[in-house]
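Working notes, structure below.
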Amino acid sequence: MANDLFNSFMSGPDESGRFGIFGGRFVSETLMPLILSLEEEYEKAKDDPTFWAEMDDLWANYVGRPSPLYYAERLTEHLGGAKIYLKRDELNHTGAHKINNVLGQIILARRMGKTRIIAETGAGQHGVATATVCAKFGLKCVVYMGAHDVQRQAPNVFRMRLLGAEVIPVTSGRGTLKDAMNDALRDWVTNVRDTFYCIGTVAGPHPYPAMVRDFQSIIGKEAKEQMHKAEGRLPDTLIAAIGGGSNAMGLFYPFLDDKDVNIIGVEAGGKGVNEKMEHCASLTGGRPGVLHGNRTYLLQDDDGQILEGYSISAGLDYPGIGPEHAWLNDIGRAQYVSITDMEALEAFQLCCSTEGIIPALEPSHALAHVMKIAPELPADHLICMNMCGRGDKDVQTVAKHLNFDMSDTEGRDAS
Amino acid sequence: MTRIDAKFAALKAQGKKAFVSYVMAGDPDFDSSLELVKGLPGAGVDVIELGLPFTDPMADGPTIQLAGQRALEAGMTLDRTLELATEFRKDDDTTPIVLMGYYNPIYSRGVDTFLSQAKAAGIDGLIVVDLPPEEDDELCIPAQNAGLNFIRLATPTTDDNRLPRVLQNTSGFVYYVSITGITGAAEAEATDVGPEVARIKSATDLPVIVGFGINTPAKSQAIASISDGAVVGSAIVSQIGAGKPVGEVLEFVKSLSDGAHAA
């Protein structure tokens with residue numbers, strides 16, 4: 001099956017950038033020539049061994065890849081069912097999977113002679129990764145970040161500034177990731193000649209969803225090899241958290257044609273997926289629409305106006321999802337579920353206390369789903385969960401939700 | 001022949017340049033927006049561009065973003081936008097209306113349903129910013145088949161290789177975006193725009209209208225003199241945003257149209 005391109009789940013997108021009806025190139029004419037030239041450059045780079053040699057070198061020596069596949073023994077014991085492995089992408093330089101993709105795009109930008117890099121960021125992890133790689137290569141870096149996110153992710157804002165990036169707080173809309181992406185697109189359309197837009201997730205106009213997926217696929221490729229080494233076979237279930245969906249796509253993609261591998265994406269359920277829309281679960285609570293250059297599932301009202309998502313996790317706070325996920329959902333190759341803030345917080349704490357790993361709030365959502373299903377599965381069922389980011393950035397948010405007073409040096413609960 | 005084609009034929013016969021104005025439907029509310037739109041032909045507007053409000057107008061600057069927010073907060077919807085056009089058509093059967101916006105509200109309605117509703121409301125053409133020629137099957141072709149013009153944007157990044165593709169399924173007129181940027185940002189310079197307009201005109205018989213960065217009567221005149229007409233949006237919308245009464249906004253529109261018509 002894997003060798004038969006006609007029956008492969010890995011052959012997308014088509015020439016017009018579609019995965020089924022999803023994806024496409026819904027951008028203004030000003031950007032269209034840039035997107036076409038980006039696609040051309042990416043196609044060239046993809047088949048160029050020197051491009052991948054540079055990537056491999058930086059992945060190994062700058063990022064610290066491969067990231068370990070770690071058997072979470074105490075977590076497995078605690079849940080009393082499936083055997084749980086964590087793909088440790090939180091150990092990457094800058095603390096998340098985001099840098100895998102940023103390196104690829106920045107090397108591409110350099111090949112295209114672009115001197116100014118712009119990015120949008122939600123939790124700040126993509127912004128930090130972009131600022132980092134720009135510092136390394138001496139490129140000017142401008143990061144758009146929703147004003148609301150600037151407040152709730154202050155440590156990352158400072159990191160970006162230390163790294164020499166200009167962070168622009170975005171006040172339009174509700175000041176979250178969606179609005180940051182709008183302003184990044186507005187910047188790009190204004191500064192088309194020297195600027196490269198480094199998108200942080202598997203969304204946006206073609207070729208971004210495919211390109212970002214390809215760069216993030218290193219996660220799944222490594223996991224496959226490592227699981228073979230550890231267990232001599234494929235995992236039974238893959239689980240990853242989804243905002244736009246880049247860490248998930250990176251883990252899932254190399255396994256798409258392994259039809260016995262169960263694939264589960266976990267969306268942010270916020271306060272619960274109901275008619276009040278206080279969540280970011282685009283697949284479970286949205287419908288197809290067009291935003292930010294692609295057709296995908298979106299949170300929107302009856303009139304096609306985009307709704308603001310809500311999640312405790314700034315990195316998942318986006319009303320859309322990558323188009324390839326939308327397609328995988330519709331054809332049934334992957335399953336998508338949602339996890340609430342409260343469930344994610346519980347998983348966050350369990351991971352700290354059983355494994356000595358402080359996870360980011362994003363993968364805490366994935367872990368919460370592991371907690372739900374693992375106890376019901378047999379001991380020889382192998383789960384591979386992507387631990388896509390570390391939680392240093394989230395400790396303040398978590399403290400607030402747990403009513404822990406950080407200013408109290410005695411360490412008492414505020415309540 | 002649509003109202004747009006008829007209007008440009010009439011202007012050409014009179015040796016006049018076109019003045020095109022943009023306002024957001026329902027900004028700041030339905031009634032004052034309708035009053036303003038009804039007054040536009042009297043203020044010298046040849047073609048009305050009516051903005052369809054959208055939450056995420058990624059090609060627009062702050063002025064038009066805020067106008068969209070005001071309209072949405074006042075309860076504007078696609079239905080109410082079409083209702084505004086219907087009301088306008090009761091007294092005016094010649095001034096063309098071009099609906100300008102983003103694709104999602106239209107996609108959400110369903111393209112076929114939208115096209116028949118727009119046609120019934122007296123809409124003559126569409127400008128949908130996030131539908132480049134690569135996505136013509138979505139709306140452009142169905143719109144042309146339904147008898148609506150689909151007006152394409154050409155930009156400074158549309159090079160000679162790409163221009164034929166941009167012009168291919170365009171009808172009514174070509175909207176040349178004079179700057180690389182968002183609405184209401186940089187100022188257009190007639191000296192930069194002239195050669196670009198000439199380049200496009202050599203490739204099409206359609207009128208070429210220039211917009212983005214035009215904010216004064218002098219600029220309107222300068223741009224119209226090197227093209228087939230000028231579009232002003234943000235400069236008008238910012239007057240509405242500043243709370244100016246409809247009469248004053250129309251006086252400003254008159255000064256802009258006088259500029260274009262003097263070209």
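In the structure tokens, each chain is lettered A, B, ... as it comes, each chain's residues begin at 1, and ligands are numbered from 1 in order of appearance.
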
- [ ] At a cut-off of 8 Å, list the chain A residues touching chain B, using only C-alpha atoms, as a VMD selection string.
- [x] chain A and resid 16 24 to 33 173 179 182 to 183 185 to 187 189 to 192 289 to 293 302 to 306

Task: Those of region 240-302 of chain A in DSSP helix (DSSP H, G or I), formatted as a list in words - done: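 Result set for region 240-302 of chain A (helix (DSSP H, G or I)): Ser246, Asn247, Ala248, Met249, Gly250, Leu251, Phe252, Tyr253, Pro254, Phe255, Ser282, Leu283, Thr284 and Gly285 of chain A.
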
Open item on the list: Given only C-alpha atoms as the basis, pick out the residue of B:Leu206, B:Leu40, B:Ile226, B:Val253 nearest to Ala9 (chain B).
Closed with: B:Leu206

- [ ] Point out the residue among A:Val167, A:Arg88, A:Phe215, A:Val157 with the least atom-to-atom distance to Lys46 (chain A), counting only C-alpha atoms.
- [x]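 Nearest to Lys46 (chain A): A:Phe215.
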
TODO: If you run DSSP over the backbone, which residues in region 128-222 of chain B end up strand (DSSP E or B)? Put them as a VMD selection string.
DONE: chain B and resid 128 149 to 150 153 to 154 174 to 177 208 to 211

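The spacing separating CA of Lys44 (chain A) from CA of Ala96 (chain A) amounts to 27.7 Å.
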
Task: Contacts of region 150-154 of chain A within 7 Å, only C-alpha atoms, excl. fewer than 3 positions in-chain, as number ranges by chain - done: A: 123-124, 145-147, 157-158, 169, 393

Would you mind exporting the chosen residues as an mmCIF file, in the first residue's frame, restricted to C-alpha atoms?
data_model
loop_
_atom_site.group_PDB
_atom_site.id
_atom_site.type_symbol
_atom_site.label_atom_id
_atom_site.label_comp_id
_atom_site.auth_asym_id
_atom_site.auth_seq_id
_atom_site.Cartn_x
_atom_site.Cartn_y
_atom_site.Cartn_z
ATOM 1 C CA ALA A 123 1.913 30.947 22.627
ATOM 2 C CA GLY A 124 5.150 32.530 21.502
ATOM 3 C CA MET A 145 1.558 38.532 18.484
ATOM 4 C CA GLY A 146 -1.976 39.167 19.729
ATOM 5 C CA ALA A 147 -1.986 41.746 22.536
ATOM 6 C CA VAL A 157 7.915 38.059 24.618
ATOM 7 C CA PHE A 158 11.054 38.870 26.577
ATOM 8 C CA PRO A 169 1.362 43.465 19.783
ATOM 9 C CA LYS A 393 6.183 29.272 29.564
#

Open item on the list: Taking 4 positions as the minimum chain separation for residues in the same chain, which residues sit within 10 Å of Gly42 (chain B) when counting only C-alpha atoms? Answer as a list of chain:residue names.
Closed with: B:Val37, B:Lys38, B:Asp46, B:Leu250, B:Val253, B:Lys254

- [ ] Excluding Ala203 (chain B) and any residue of its chain fewer than 3 positions from it, enumerate the residues within 8 Å of it, using only C-alpha atoms, and give them as a list in words.
- [x] Pro164, Arg199 and Ile200 of chain B

Can you spit out the residues from that selection as an mmCIF file, in the first residue's frame, using all heavy atoms?
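Result file follows (selection-v3.cif):
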data_model
loop_
_atom_site.group_PDB
_atom_site.id
_atom_site.type_symbol
_atom_site.label_atom_id
_atom_site.label_comp_id
_atom_site.auth_asym_id
_atom_site.auth_seq_id
_atom_site.Cartn_x
_atom_site.Cartn_y
_atom_site.Cartn_z
ATOM 1 N N PRO B 164 -1.752 38.076 -18.409
ATOM 2 C CA PRO B 164 -2.831 37.463 -19.223
ATOM 3 C C PRO B 164 -3.772 36.598 -18.386
ATOM 4 O O PRO B 164 -4.981 36.587 -18.608
ATOM 5 C CB PRO B 164 -2.060 36.598 -20.232
ATOM 6 C CG PRO B 164 -0.702 37.200 -20.301
ATOM 7 C CD PRO B 164 -0.424 37.756 -18.932
ATOM 8 N N ARG B 199 0.745 49.572 -19.321
ATOM 9 C CA ARG B 199 1.100 48.169 -19.546
ATOM 10 C C ARG B 199 -0.162 47.292 -19.553
ATOM 11 O O ARG B 199 -0.336 46.430 -20.410
ATOM 12 C CB ARG B 199 2.036 47.729 -18.417
ATOM 13 C CG ARG B 199 2.519 46.293 -18.483
ATOM 14 C CD ARG B 199 3.649 46.057 -17.474
ATOM 15 N NE ARG B 199 3.182 46.033 -16.088
ATOM 16 C CZ ARG B 199 2.878 44.920 -15.430
ATOM 17 N NH1 ARG B 199 2.974 43.761 -16.021
ATOM 18 N NH2 ARG B 199 2.468 44.969 -14.178
ATOM 19 N N ILE B 200 -1.056 47.557 -18.589
ATOM 20 C CA ILE B 200 -2.284 46.755 -18.514
ATOM 21 C C ILE B 200 -3.206 47.075 -19.692
ATOM 22 O O ILE B 200 -3.780 46.181 -20.308
ATOM 23 C CB ILE B 200 -3.002 46.994 -17.167
ATOM 24 C CG1 ILE B 200 -2.104 46.506 -16.024
ATOM 25 C CG2 ILE B 200 -4.343 46.284 -17.128
ATOM 26 C CD1 ILE B 200 -2.523 46.994 -14.657
#

Task: Exercise: Gly243 (chain A) partners within 10 Å, only C-alpha atoms, chain neighbours under 6 positions left out, as a list in words - done: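 Listing them by chain and then by number gives Gly122, Thr201, Val202, Gly265, Val266, Glu267, Ala268, Cys280, Ala281, Ser282, Ser311, Ser313, Ala314, Gly315, Leu316, Asp317, Tyr318, Pro319, Gly320, Ile321, Gly322 and Glu362 of chain A.
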
Task: Gly233 (chain B) environment, 8 Å, only C-alpha atoms, sequence neighbours closer than 2 positions dropped, as a ChimeraX atom specification - done: /B:21-23,183-184,212,231,235-237

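CA of Ile99 (chain A) sits 21.2 Å away from CA of Trp188 (chain A).
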